[in-house]
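File shown: model.tsv (TSV, C-alpha atoms).
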chain	number	residue	atom	x	y	z
A	1	MET	CA	30.33	16.95	10.77
A	2	SER	CA	30.03	13.15	10.91
A	3	ASP	CA	26.82	11.12	10.88
A	4	VAL	CA	25.78	8.51	13.45
A	5	ILE	CA	23.16	6.17	11.96
A	6	LEU	CA	20.93	4.27	14.40
A	7	ARG	CA	17.78	2.16	14.12
A	8	GLU	CA	14.70	2.59	16.25
A	9	HIS	CA	14.57	0.33	19.32
A	10	GLY	CA	18.23	-0.49	18.87
A	11	GLU	CA	21.63	0.54	20.15
A	12	SER	CA	24.97	1.54	18.76
A	13	ALA	CA	28.32	-0.11	19.22
A	14	PRO	CA	30.58	1.64	21.78
A	15	MET	CA	31.51	4.94	20.16
A	16	ARG	CA	33.44	8.09	20.93
A	17	LEU	CA	31.20	11.09	21.66
A	18	ALA	CA	32.70	14.44	22.56
A	19	PRO	CA	31.81	15.76	26.04
A	20	ALA	CA	30.00	18.75	24.51
A	21	ALA	CA	27.93	16.46	22.27
A	22	ARG	CA	27.17	14.14	25.18
A	23	THR	CA	26.01	17.03	27.37
A	24	ALA	CA	23.84	18.50	24.60
A	25	LEU	CA	22.25	15.11	23.93
A	26	LEU	CA	21.50	14.53	27.62
A	27	GLU	CA	19.98	17.99	28.04
A	28	ALA	CA	17.80	18.01	24.94
A	29	ALA	CA	16.93	14.40	24.13
A	30	SER	CA	17.44	12.23	27.20
A	31	ASP	CA	13.86	10.92	26.90
A	32	LYS	CA	14.37	10.02	23.23
A	33	ILE	CA	17.94	8.69	23.04
A	34	THR	CA	19.61	7.11	26.07
A	35	VAL	CA	23.33	7.58	26.62
A	36	VAL	CA	24.82	4.48	28.31
A	37	ALA	CA	28.28	4.63	29.86
A	38	THR	CA	30.88	1.94	29.17
A	39	ALA	CA	34.06	0.81	30.89
A	40	ASP	CA	35.95	3.23	28.65
A	41	PRO	CA	35.12	6.78	29.87
A	42	GLU	CA	35.59	8.13	26.35
A	43	ARG	CA	33.07	5.74	24.77
A	44	VAL	CA	29.32	5.48	25.19
A	45	ILE	CA	26.47	3.42	23.76
A	46	LEU	CA	23.44	5.20	22.31
A	47	ARG	CA	20.16	3.35	22.86
A	48	THR	CA	17.03	4.33	20.95
A	49	GLY	CA	13.31	3.83	21.53
A	50	SER	CA	10.28	4.77	19.48
A	51	TRP	CA	11.52	8.23	18.42
A	52	VAL	CA	12.89	8.46	14.88
A	53	GLY	CA	14.39	11.39	13.02
A	54	ALA	CA	17.61	13.37	13.27
A	55	LEU	CA	19.23	15.91	15.54
A	56	ALA	CA	22.50	17.80	15.48
A	57	VAL	CA	24.95	17.96	18.38
A	58	PRO	CA	28.47	19.43	18.40
A	59	GLY	CA	30.58	17.44	15.98
A	60	CYS	CA	27.98	15.05	14.58
A	61	THR	CA	24.43	14.51	13.40
A	62	ILE	CA	22.54	11.60	15.00
A	63	ARG	CA	19.96	9.97	12.74
A	64	VAL	CA	17.47	7.37	13.94
A	65	GLU	CA	15.94	5.44	11.04
A	66	PRO	CA	12.48	3.84	11.22
A	67	ARG	CA	11.86	0.17	10.56
A	68	ALA	CA	8.97	1.00	8.26
A	69	PRO	CA	9.70	1.86	4.62
A	70	MET	CA	9.62	5.59	3.94
A	71	GLU	CA	6.53	5.20	1.75
A	72	ASN	CA	4.58	3.66	4.63
A	73	LEU	CA	5.89	6.23	7.09
A	74	PHE	CA	4.54	9.08	4.97
A	75	THR	CA	1.28	7.19	4.56
A	76	MET	CA	1.01	7.31	8.34
A	77	PHE	CA	1.68	11.06	8.28
A	78	SER	CA	-1.17	11.57	5.86
A	79	ALA	CA	-3.66	9.56	7.93
A	80	GLY	CA	-5.73	12.63	8.66
A	81	LEU	CA	-6.16	13.55	4.99
A	82	PRO	CA	-8.94	12.45	2.66
A	83	SER	CA	-7.95	9.43	0.61
A	84	ASP	CA	-7.86	11.45	-2.64
A	85	ALA	CA	-6.05	14.50	-1.24
A	86	TRP	CA	-2.58	13.29	-2.22
A	87	GLY	CA	-1.18	11.67	-5.30
A	88	SER	CA	1.10	8.67	-5.05
A	89	ASP	CA	4.13	10.92	-5.44
A	90	ALA	CA	3.37	12.44	-2.01
A	91	VAL	CA	4.64	9.26	-0.39
A	92	GLY	CA	6.80	7.91	-3.18
A	93	TRP	CA	10.15	8.76	-1.68
A	94	ALA	CA	13.01	6.38	-2.27
A	95	GLY	CA	13.62	3.89	0.50
A	96	ASP	CA	17.02	5.33	1.32
A	97	THR	CA	15.85	8.96	1.53
A	98	GLU	CA	16.81	10.65	4.78
A	99	LEU	CA	13.87	10.84	7.17
A	100	VAL	CA	14.34	14.52	7.92
A	101	ASP	CA	14.60	15.44	4.22
A	102	GLY	CA	11.43	13.53	3.40
A	103	VAL	CA	9.47	14.95	6.32
A	104	ALA	CA	10.57	18.48	5.38
A	105	ALA	CA	9.42	18.03	1.78
A	106	PHE	CA	6.15	16.44	2.90
A	107	LEU	CA	5.45	19.26	5.36
A	108	LEU	CA	6.17	21.97	2.78
A	109	ARG	CA	3.89	20.27	0.28
A	110	ALA	CA	1.07	20.10	2.84
A	111	ILE	CA	1.44	23.83	3.58
A	112	ASP	CA	1.62	24.62	-0.15
A	113	THR	CA	-1.58	22.65	-0.79
A	114	ALA	CA	-3.42	24.39	2.07
A	115	THR	CA	-2.46	27.91	0.99
A	116	ARG	CA	-2.38	27.55	-2.81
A	117	ARG	CA	-5.76	29.25	-3.25
A	118	GLY	CA	-4.69	32.10	-1.00
A	119	LEU	CA	-4.07	32.65	2.68
A	120	LEU	CA	-6.90	32.29	5.15
A	121	HIS	CA	-8.07	35.70	6.44
A	122	GLY	CA	-9.78	36.61	9.67
A	123	TYR	CA	-10.79	39.61	11.77
A	124	VAL	CA	-8.20	40.78	14.26
A	125	THR	CA	-8.87	43.50	16.84
A	126	LEU	CA	-6.24	46.24	16.71
A	127	GLU	CA	-5.56	49.30	18.86
A	128	GLU	CA	-3.42	52.08	17.49
A	129	ASP	CA	-3.05	55.81	17.16
A	130	THR	CA	-4.26	56.89	13.75
A	131	SER	CA	-4.73	60.17	11.91
A	132	THR	CA	-8.29	59.21	10.99
A	133	ILE	CA	-10.84	57.70	13.34
A	134	ARG	CA	-11.41	54.02	12.64
A	135	GLY	CA	-13.82	51.81	14.56
A	136	ARG	CA	-14.24	52.91	18.16
A	137	LEU	CA	-12.56	56.00	19.59
A	138	LEU	CA	-10.87	55.15	22.91
A	139	VAL	CA	-12.11	58.17	24.83
A	140	ASP	CA	-10.66	57.05	28.19
A	141	GLN	CA	-7.16	56.86	26.74
A	142	LEU	CA	-7.59	60.17	24.93
A	143	ALA	CA	-8.66	61.84	28.17
A	144	THR	CA	-5.37	60.88	29.84
A	145	ARG	CA	-3.33	62.42	27.01
A	146	PRO	CA	-5.41	65.18	25.35
A	147	TRP	CA	-2.37	66.44	23.47
A	148	ALA	CA	-2.70	63.41	21.15
A	149	THR	CA	-5.91	64.64	19.45
A	150	ALA	CA	-4.06	64.82	16.12
A	151	SER	CA	-3.69	61.00	16.19
A	152	PRO	CA	-6.40	59.69	18.53
A	153	PRO	CA	-6.28	56.08	19.83
A	154	CYS	CA	-8.82	53.78	18.16
A	155	ARG	CA	-9.88	50.15	18.40
A	156	TYR	CA	-11.06	48.45	15.20
A	157	ASP	CA	-11.34	45.05	13.53
A	158	GLU	CA	-9.23	44.42	10.45
A	159	PHE	CA	-9.69	41.58	7.94
A	160	THR	CA	-6.12	40.33	7.63
A	161	PRO	CA	-4.02	37.23	6.91
A	162	ASP	CA	-2.07	37.90	10.13
A	163	ILE	CA	-3.95	35.24	12.14
A	164	ALA	CA	-2.84	32.36	14.36
A	165	GLU	CA	-3.17	29.70	11.64
A	166	ASN	CA	-0.90	31.52	9.19
A	167	ARG	CA	1.59	32.43	11.90
A	168	LEU	CA	1.91	28.74	12.80
A	169	LEU	CA	2.45	27.67	9.18
A	170	LEU	CA	4.98	30.43	8.54
A	171	CYS	CA	6.87	29.54	11.72
A	172	ALA	CA	7.01	25.88	10.61
A	173	VAL	CA	8.37	26.81	7.17
A	174	ARG	CA	11.04	29.02	8.71
A	175	GLN	CA	12.03	26.25	11.11
A	176	VAL	CA	12.30	23.72	8.27
A	177	LEU	CA	14.74	26.04	6.51
A	178	THR	CA	17.05	25.90	9.55
A	179	TRP	CA	17.28	22.10	9.56
A	180	PRO	CA	20.83	20.89	8.80
A	181	ASP	CA	21.80	19.56	5.36
A	182	LEU	CA	18.45	20.35	3.74
A	183	PRO	CA	18.43	19.39	0.02
A	184	PRO	CA	18.59	22.42	-2.36
A	185	LEU	CA	15.21	21.64	-3.98
A	186	VAL	CA	13.46	21.45	-0.61
A	187	ARG	CA	15.11	24.68	0.49
A	188	ARG	CA	13.99	26.37	-2.73
A	189	ASP	CA	10.39	25.30	-2.14
A	190	GLY	CA	10.55	26.64	1.42
A	191	LEU	CA	11.88	30.02	0.34
A	192	ARG	CA	9.16	30.26	-2.29
A	193	LEU	CA	6.50	29.49	0.32
A	194	ILE	CA	7.73	32.21	2.67
A	195	GLN	CA	6.96	34.85	0.01
A	196	ARG	CA	3.32	33.74	0.07
A	197	PHE	CA	2.99	34.75	3.73
A	198	GLU	CA	3.41	38.49	3.14
A	199	GLY	CA	1.72	40.45	5.91
A	200	VAL	CA	1.98	37.62	8.46
A	201	GLU	CA	3.98	38.28	11.61
A	202	VAL	CA	7.11	36.20	12.15
A	203	THR	CA	6.91	34.23	15.41
A	204	SER	CA	9.09	31.80	17.33
A	205	PRO	CA	8.18	28.16	18.15
A	206	ASP	CA	7.64	28.88	21.85
A	207	GLN	CA	4.78	31.25	20.96
A	208	HIS	CA	2.64	28.38	19.63
A	209	HIS	CA	1.11	26.46	22.50
A	210	GLY	CA	-2.13	24.52	22.48
A	211	ASP	CA	-4.22	23.34	19.55
A	212	LEU	CA	-6.07	25.69	17.23
A	213	PRO	CA	-9.81	24.97	16.94
A	214	ILE	CA	-10.80	23.54	13.56
A	215	THR	CA	-13.97	25.02	12.04
A	216	ARG	CA	-15.60	24.92	8.62
A	217	LEU	CA	-13.62	28.07	7.75
A	218	ASN	CA	-10.17	26.60	8.36
A	219	GLU	CA	-10.77	22.85	7.94
A	220	HIS	CA	-8.77	22.84	4.69
A	221	TYR	CA	-5.79	23.95	6.84
A	222	ALA	CA	-6.16	21.04	9.29
A	223	PRO	CA	-3.60	18.57	7.78
A	224	ALA	CA	-0.98	21.30	7.34
A	225	LEU	CA	-1.56	22.63	10.86
A	226	ASP	CA	-1.13	19.13	12.28
A	227	LEU	CA	2.17	18.57	10.48
A	228	ALA	CA	3.36	22.09	11.36
A	229	ARG	CA	2.71	21.36	15.02
A	230	LYS	CA	4.85	18.20	14.75
A	231	ALA	CA	7.66	20.22	13.19
A	232	LEU	CA	7.59	22.75	16.01
A	233	ASP	CA	7.58	19.93	18.55
A	234	GLY	CA	10.90	18.75	17.11
A	235	ILE	CA	14.09	19.10	19.09
A	236	THR	CA	16.19	22.25	19.14
A	237	ILE	CA	19.71	21.92	20.49
A	238	ARG	CA	21.86	24.97	21.12
A	239	HIS	CA	25.53	24.13	20.78
A	240	LEU	CA	27.45	24.66	23.96
A	241	GLU	CA	30.35	26.18	22.07
A	242	GLY	CA	29.48	29.20	20.00
A	243	SER	CA	26.04	30.53	19.10
A	244	GLN	CA	25.08	28.09	16.36
A	245	THR	CA	21.62	26.57	16.71
A	246	ALA	CA	20.58	23.39	14.94
A	247	HIS	CA	16.97	22.30	14.48
A	248	ALA	CA	16.00	18.73	13.83
A	249	PHE	CA	12.84	16.72	13.51
A	250	MET	CA	11.92	13.66	15.54
A	251	VAL	CA	8.70	11.67	15.48
A	252	ASP	CA	7.26	9.53	18.28
A	253	MET	CA	6.23	6.36	16.45
A	254	ASP	CA	4.14	5.20	19.44
A	255	ASP	CA	1.88	8.23	19.15
A	256	LEU	CA	1.90	8.30	15.34
A	257	PHE	CA	1.00	4.61	15.02
A	258	ARG	CA	-1.88	4.89	17.48
A	259	ARG	CA	-3.42	7.90	15.74
A	260	TRP	CA	-2.95	6.33	12.31
A	261	ILE	CA	-4.67	3.09	13.33
A	262	THR	CA	-7.54	5.13	14.78
A	263	VAL	CA	-8.08	7.04	11.54
A	264	GLU	CA	-7.71	4.01	9.26
A	265	MET	CA	-10.09	1.83	11.29
A	266	SER	CA	-12.62	4.62	11.61
A	267	ASN	CA	-12.68	5.14	7.84
A	268	ARG	CA	-13.01	1.42	7.10
A	269	LEU	CA	-15.69	0.60	9.70
A	270	TRP	CA	-18.01	3.55	9.18
A	271	PRO	CA	-21.06	3.62	9.09
A	272	ASP	CA	-21.72	0.14	10.55
A	273	ILE	CA	-19.37	0.71	13.46
A	274	SER	CA	-18.31	4.04	14.95
A	275	LEU	CA	-14.97	4.47	16.66
A	276	GLU	CA	-14.30	6.63	19.71
A	277	GLU	CA	-10.69	7.63	20.37
A	278	ARG	CA	-9.35	7.57	23.93
A	279	PRO	CA	-12.65	7.89	25.81
A	280	GLN	CA	-12.59	8.06	29.60
A	281	TYR	CA	-14.69	5.77	31.78
A	282	ALA	CA	-14.94	4.92	35.46
A	283	LEU	CA	-13.67	1.49	36.45
A	284	ASP	CA	-15.60	1.38	39.73
A	285	VAL	CA	-19.17	2.24	40.74
A	286	GLN	CA	-17.88	4.97	43.06
A	287	ASP	CA	-16.41	6.78	40.04
A	288	GLN	CA	-12.97	7.02	41.65
A	289	TRP	CA	-10.74	5.02	39.28
A	290	HIS	CA	-10.77	5.98	35.63
A	291	PHE	CA	-9.34	4.30	32.57
A	292	THR	CA	-8.74	5.48	29.01
A	293	PRO	CA	-8.57	2.80	26.29
A	294	ASP	CA	-7.07	3.75	22.94
A	295	LEU	CA	-10.17	2.65	20.99
A	296	LEU	CA	-13.81	2.00	21.77
A	297	LEU	CA	-16.02	0.66	18.99
A	298	ARG	CA	-19.79	1.11	19.01
A	299	ARG	CA	-22.56	-0.51	17.03
A	300	ASP	CA	-25.90	1.32	17.25
A	301	GLN	CA	-24.34	3.53	19.96
A	302	ARG	CA	-23.61	0.50	22.16
A	303	PRO	CA	-20.00	-0.45	23.04
A	304	VAL	CA	-19.10	-3.72	21.31
A	305	LEU	CA	-15.30	-3.89	21.41
A	306	VAL	CA	-12.48	-2.16	23.28
A	307	GLY	CA	-8.91	-1.94	22.01
A	308	ASN	CA	-5.38	-0.80	22.74
A	309	VAL	CA	-2.69	0.07	20.18
A	310	ALA	CA	1.02	-0.55	20.81
A	311	TYR	CA	3.79	0.21	18.34
A	312	HIS	CA	6.35	-2.02	20.07
A	313	LEU	CA	5.94	-4.87	22.56
A	314	GLU	CA	9.07	-5.47	24.59
A	315	ALA	CA	10.45	-8.93	25.31
A	316	ASP	CA	10.53	-8.46	29.08
A	317	ARG	CA	6.73	-8.10	29.22
A	318	ARG	CA	5.80	-11.74	28.75
A	319	ASP	CA	3.91	-11.82	32.06
A	320	GLY	CA	0.66	-10.77	30.41
A	321	SER	CA	0.92	-7.12	31.45
A	322	ASP	CA	-0.05	-6.04	27.94
A	323	PHE	CA	-3.36	-7.91	28.36
A	324	TYR	CA	-4.26	-6.80	31.89
A	325	PRO	CA	-5.52	-3.32	30.91
A	326	LEU	CA	-7.64	-4.85	28.13
A	327	LEU	CA	-9.18	-7.31	30.57
A	328	ALA	CA	-10.06	-4.49	32.98
A	329	TYR	CA	-11.56	-2.37	30.18
A	330	ALA	CA	-13.65	-5.22	28.80
A	331	SER	CA	-14.90	-6.23	32.26
A	332	ALA	CA	-15.86	-2.69	33.25
A	333	LEU	CA	-17.72	-2.15	29.98
A	334	GLY	CA	-19.39	-5.58	30.05
A	335	LEU	CA	-17.79	-6.65	26.76
A	336	GLU	CA	-16.92	-10.15	25.62
A	337	ALA	CA	-13.67	-9.27	23.88
A	338	GLY	CA	-10.72	-6.89	23.81
A	339	LEU	CA	-8.29	-6.22	20.94
A	340	LEU	CA	-4.57	-5.41	21.06
A	341	ILE	CA	-3.03	-4.15	17.79
A	342	TYR	CA	0.76	-3.90	17.53
A	343	ALA	CA	3.40	-3.28	14.87
A	344	HIS	CA	6.53	-4.91	16.33
A	345	ALA	CA	7.23	-7.36	19.12
A	346	ASP	CA	10.50	-8.69	20.49
A	347	GLN	CA	8.59	-11.92	21.08
A	348	ALA	CA	5.13	-12.27	19.55
A	349	PRO	CA	2.36	-12.89	22.12
A	350	ALA	CA	-0.35	-15.50	21.71
A	351	PRO	CA	-2.92	-14.48	19.07
A	352	GLU	CA	-5.80	-15.16	21.46
A	353	VAL	CA	-6.20	-15.58	25.20
A	354	VAL	CA	-9.47	-16.77	26.77
A	355	VAL	CA	-9.71	-15.78	30.43
A	356	ARG	CA	-10.59	-18.62	32.79
A	357	SER	CA	-14.00	-18.54	34.52
A	358	ILE	CA	-15.33	-15.46	32.73
A	359	GLY	CA	-14.59	-16.37	29.09
A	360	THR	CA	-13.42	-12.92	27.97
A	361	ARG	CA	-11.46	-13.18	24.71
A	362	LEU	CA	-8.33	-11.06	24.36
A	363	LEU	CA	-7.12	-10.92	20.76
A	364	CYS	CA	-3.63	-9.83	19.76
A	365	VAL	CA	-3.20	-8.84	16.09
A	366	PRO	CA	0.10	-7.78	14.44
A	367	LEU	CA	0.13	-5.17	11.70
A	368	ARG	CA	3.48	-5.36	9.91
A	369	LEU	CA	4.76	-2.04	8.58
A	370	ASN	CA	7.83	-3.35	6.73
A	371	VAL	CA	5.79	-4.47	3.71
A	372	PRO	CA	4.86	-2.80	0.40
A	373	ALA	CA	2.16	-0.12	0.65
A	374	ALA	CA	-0.42	-2.18	-1.25
A	375	ARG	CA	0.05	-5.12	1.11
A	376	LEU	CA	-0.22	-2.80	4.11
A	377	ALA	CA	-3.56	-1.50	2.83
A	378	GLY	CA	-4.74	-5.10	2.46
A	379	SER	CA	-3.72	-5.85	6.05
A	380	LEU	CA	-5.80	-2.90	7.24
A	381	ASP	CA	-8.81	-4.24	5.30
A	382	THR	CA	-8.34	-7.65	6.92
A	383	LEU	CA	-8.08	-6.06	10.36
A	384	ALA	CA	-11.31	-4.12	9.78
A	385	GLU	CA	-13.10	-7.32	8.75
A	386	LEU	CA	-11.85	-9.06	11.90
A	387	VAL	CA	-13.24	-6.21	13.99
A	388	ARG	CA	-16.63	-6.56	12.33
A	389	VAL	CA	-16.74	-10.26	13.12
A	390	VAL	CA	-15.50	-10.00	16.70
A	391	SER	CA	-17.79	-7.08	17.54
A	392	TYR	CA	-20.93	-9.23	17.17
A	393	PRO	CA	-22.08	-10.54	20.58
A	394	ARG	CA	-21.12	-14.16	21.01
A	395	ARG	CA	-20.93	-16.45	24.00
A	396	ALA	CA	-18.12	-18.93	23.44
A	397	ALA	CA	-17.45	-22.01	25.53
A	398	PHE	CA	-14.62	-21.62	27.98
A	399	ALA	CA	-12.71	-23.77	30.45
A	400	ARG	CA	-13.57	-23.55	34.13
Can you present the structure in this file as structure tokens?
Amino acid sequence: MSDVILREHGESAPMRLAPAARTALLEAASDKITVVATADPERVILRTGSWVGALAVPGCTIRVEPRAPMENLFTMFSAGLPSDAWGSDAVGWAGDTELVDGVAAFLLRAIDTATRRGLLHGYVTLEEDTSTIRGRLLVDQLATRPWATASPPCRYDEFTPDIAENRLLLCAVRQVLTWPDLPPLVRRDGLRLIQRFEGVEVTSPDQHHGDLPITRLNEHYAPALDLARKALDGITIRHLEGSQTAHAFMVDMDDLFRRWITVEMSNRLWPDISLEERPQYALDVQDQWHFTPDLLLRRDQRPVLVGNVAYHLEADRRDGSDFYPLLAYASALGLEAGLLIYAHADQAPAPEVVVRSIGTRLLCVPLRLNVPAARLAGSLDTLAELVRVVSYPRRAAFAR
């Protein structure tokens, strides 16, 4: 099986792709990798967006590499963890490590850390026929089949590890072990983890829908559950020829970057400034049009700054369309400034725009990811300091 190496927000040279591979790619990943026809019917161009990772199709494995160094990518994955929860080796993968291999190892380590002290237990209601009465005797069922008095039906609560949280983690581990070309050491760690989940029912990915509520009882599971959910949201492609199934992992960098910025800014600005993620507000007094900014910052419970987060700004959006939502948000909330944070831009926008007649300031700040981890942390500190300064009320002079 050959490898096709692509970069995010890029495209391949014209290449031969078997009809079966082309069909599988269109069916399973058309919203993540675009297949563009060429003048030669046997050749296509593969165009990528913000999704990175790898997937297997008949005859080849397609890998989309991120622009960010692997160390910074895994830092973004760990955004929801306490700062001291991971050692430096958790993100210290070599720069040329395959994305899927690194994500698999990172996910298994998160699950290992969450379950090292033992599996989380909970009470599960069971109904079964038993030789001894346990819990509540189901008299109505017994009345319909009185011949079953030797093993009467009962309903009881059992304290067991077979709960939704453990089923999700076990399912994620089993899925990781099906990923193609997994390194032997990572596979060994996965097999060792599976033994820890004795007594937990084996489930399939389509049985895990919706988020599990996080409480004080399972909060130490939260990072592992989040990563497990990402793994199960990866792409599964069934080969059109034969019964082989290949599982691969892909990450939406747009979503990951936004959530990472939210966590990092919240940690750096607290307690002076609180950050609200994706709140919903009415744009009009009739409460008919609603808007949802990525970030809303509050000082003493009062909104002081609104922001949007974009991983990639495209070149064909130089008409100011990236600023229009910010202007609407700031105007509706009565704020003097809006902030746009981005990682990459085909053509960098102006760092500041002052709107004529009303004086609203729209700031555009890049946060480069293709830098060493220490420098990236410094950039986040600088961004937090900028937010503190801009969030103070200030009436600047503006042109009429």
task = Give me the residues within 9 Å of Val306 of chain A as a PyMOL selection string, counting all atoms listed in the file and dropping any in the same chain fewer than 5 places off.
result = chain A and resi 293-297+326+329-330+333+335+337-340
message = Report as a PyMOL selection string all protein, DNA and RNA residues lying within 12 Å of Trp289 of chain A, evaluated on all atoms listed in the file, omitting residues in the same chain fewer than 5 positions from it.
response = chain A and resi 280-284+328-329+332
query = Contacts of Ser274 of chain A at 12 Å or less, counting all atoms listed in the file, minus same-chain residues fewer than 4 places along, as a PyMOL selection string?
reply = chain A and resi 262-263+265-270+295-306+384+387-388+391
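Among the candidates A:Val36, A:Leu386, A:Leu6, A:Ala114, the residue lying nearest to Thr48 of chain A is A:Leu6 (atoms considered: all atoms listed in the file).
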note = In Å and to one decimal, atom CA of Leu126 of chain A is distant from atom CA of Ala164 of chain A by 14.5 Å
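Counting from atom CA of Ala37 of chain A, the distance to atom CA of Val52 of chain A is 21.8 Å.
Of note, atom CA of Gly49 of chain A and atom CA of Ala68 of chain A are spaced 14.2 Å apart.
Of the listed residues A:Ala18, A:Val365, A:Ile273, A:Leu327, the one whose atoms come nearest to Tyr392 of chain A is A:Ile273, with distances taken using only C-alpha atoms.
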Restricted to N, CA, C and O atoms, what does segment 328-339 of chain A look like when written out as an mmCIF file, in the first residue's frame?
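Everything below was put into selection.cif:
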data_model
loop_
_atom_site.group_PDB
_atom_site.id
_atom_site.type_symbol
_atom_site.label_atom_id
_atom_site.label_comp_id
_atom_site.auth_asym_id
_atom_site.auth_seq_id
_atom_site.Cartn_x
_atom_site.Cartn_y
_atom_site.Cartn_z
ATOM 1 N N ALA A 328 -20.570 43.690 14.053
ATOM 2 C CA ALA A 328 -21.950 43.501 14.499
ATOM 3 C C ALA A 328 -21.995 43.103 15.970
ATOM 4 O O ALA A 328 -22.829 43.608 16.738
ATOM 5 N N TYR A 329 -21.091 42.196 16.380
ATOM 6 C CA TYR A 329 -21.069 41.765 17.787
ATOM 7 C C TYR A 329 -20.783 42.952 18.704
ATOM 8 O O TYR A 329 -21.478 43.154 19.720
ATOM 9 N N ALA A 330 -19.720 43.705 18.370
ATOM 10 C CA ALA A 330 -19.324 44.816 19.227
ATOM 11 C C ALA A 330 -20.433 45.874 19.310
ATOM 12 O O ALA A 330 -20.707 46.417 20.383
ATOM 13 N N SER A 331 -21.088 46.157 18.199
ATOM 14 C CA SER A 331 -22.146 47.162 18.190
ATOM 15 C C SER A 331 -23.333 46.707 19.023
ATOM 16 O O SER A 331 -23.896 47.486 19.804
ATOM 17 N N ALA A 332 -23.732 45.444 18.877
ATOM 18 C CA ALA A 332 -24.887 44.945 19.622
ATOM 19 C C ALA A 332 -24.617 44.909 21.120
ATOM 20 O O ALA A 332 -25.529 45.101 21.927
ATOM 21 N N LEU A 333 -23.372 44.672 21.504
ATOM 22 C CA LEU A 333 -23.025 44.584 22.922
ATOM 23 C C LEU A 333 -22.575 45.930 23.488
ATOM 24 O O LEU A 333 -22.262 46.030 24.677
ATOM 25 N N GLY A 334 -22.496 46.962 22.639
ATOM 26 C CA GLY A 334 -22.075 48.275 23.104
ATOM 27 C C GLY A 334 -20.611 48.336 23.493
ATOM 28 O O GLY A 334 -20.230 49.081 24.401
ATOM 29 N N LEU A 335 -19.770 47.585 22.778
ATOM 30 C CA LEU A 335 -18.342 47.527 23.099
ATOM 31 C C LEU A 335 -17.535 48.405 22.145
ATOM 32 O O LEU A 335 -17.954 48.661 21.007
ATOM 33 N N GLU A 336 -16.367 48.820 22.604
ATOM 34 C CA GLU A 336 -15.530 49.710 21.817
ATOM 35 C C GLU A 336 -14.562 48.962 20.908
ATOM 36 O O GLU A 336 -13.944 49.572 20.038
ATOM 37 N N ALA A 337 -14.417 47.655 21.122
ATOM 38 C CA ALA A 337 -13.411 46.922 20.345
ATOM 39 C C ALA A 337 -13.838 45.478 20.143
ATOM 40 O O ALA A 337 -14.613 44.911 20.922
ATOM 41 N N GLY A 338 -13.315 44.889 19.063
ATOM 42 C CA GLY A 338 -13.465 43.469 18.784
ATOM 43 C C GLY A 338 -12.108 42.899 18.420
ATOM 44 O O GLY A 338 -11.222 43.618 17.930
ATOM 45 N N LEU A 339 -11.906 41.599 18.658
ATOM 46 C CA LEU A 339 -10.597 40.974 18.471
ATOM 47 C C LEU A 339 -10.735 39.733 17.598
ATOM 48 O O LEU A 339 -11.571 38.867 17.863
#
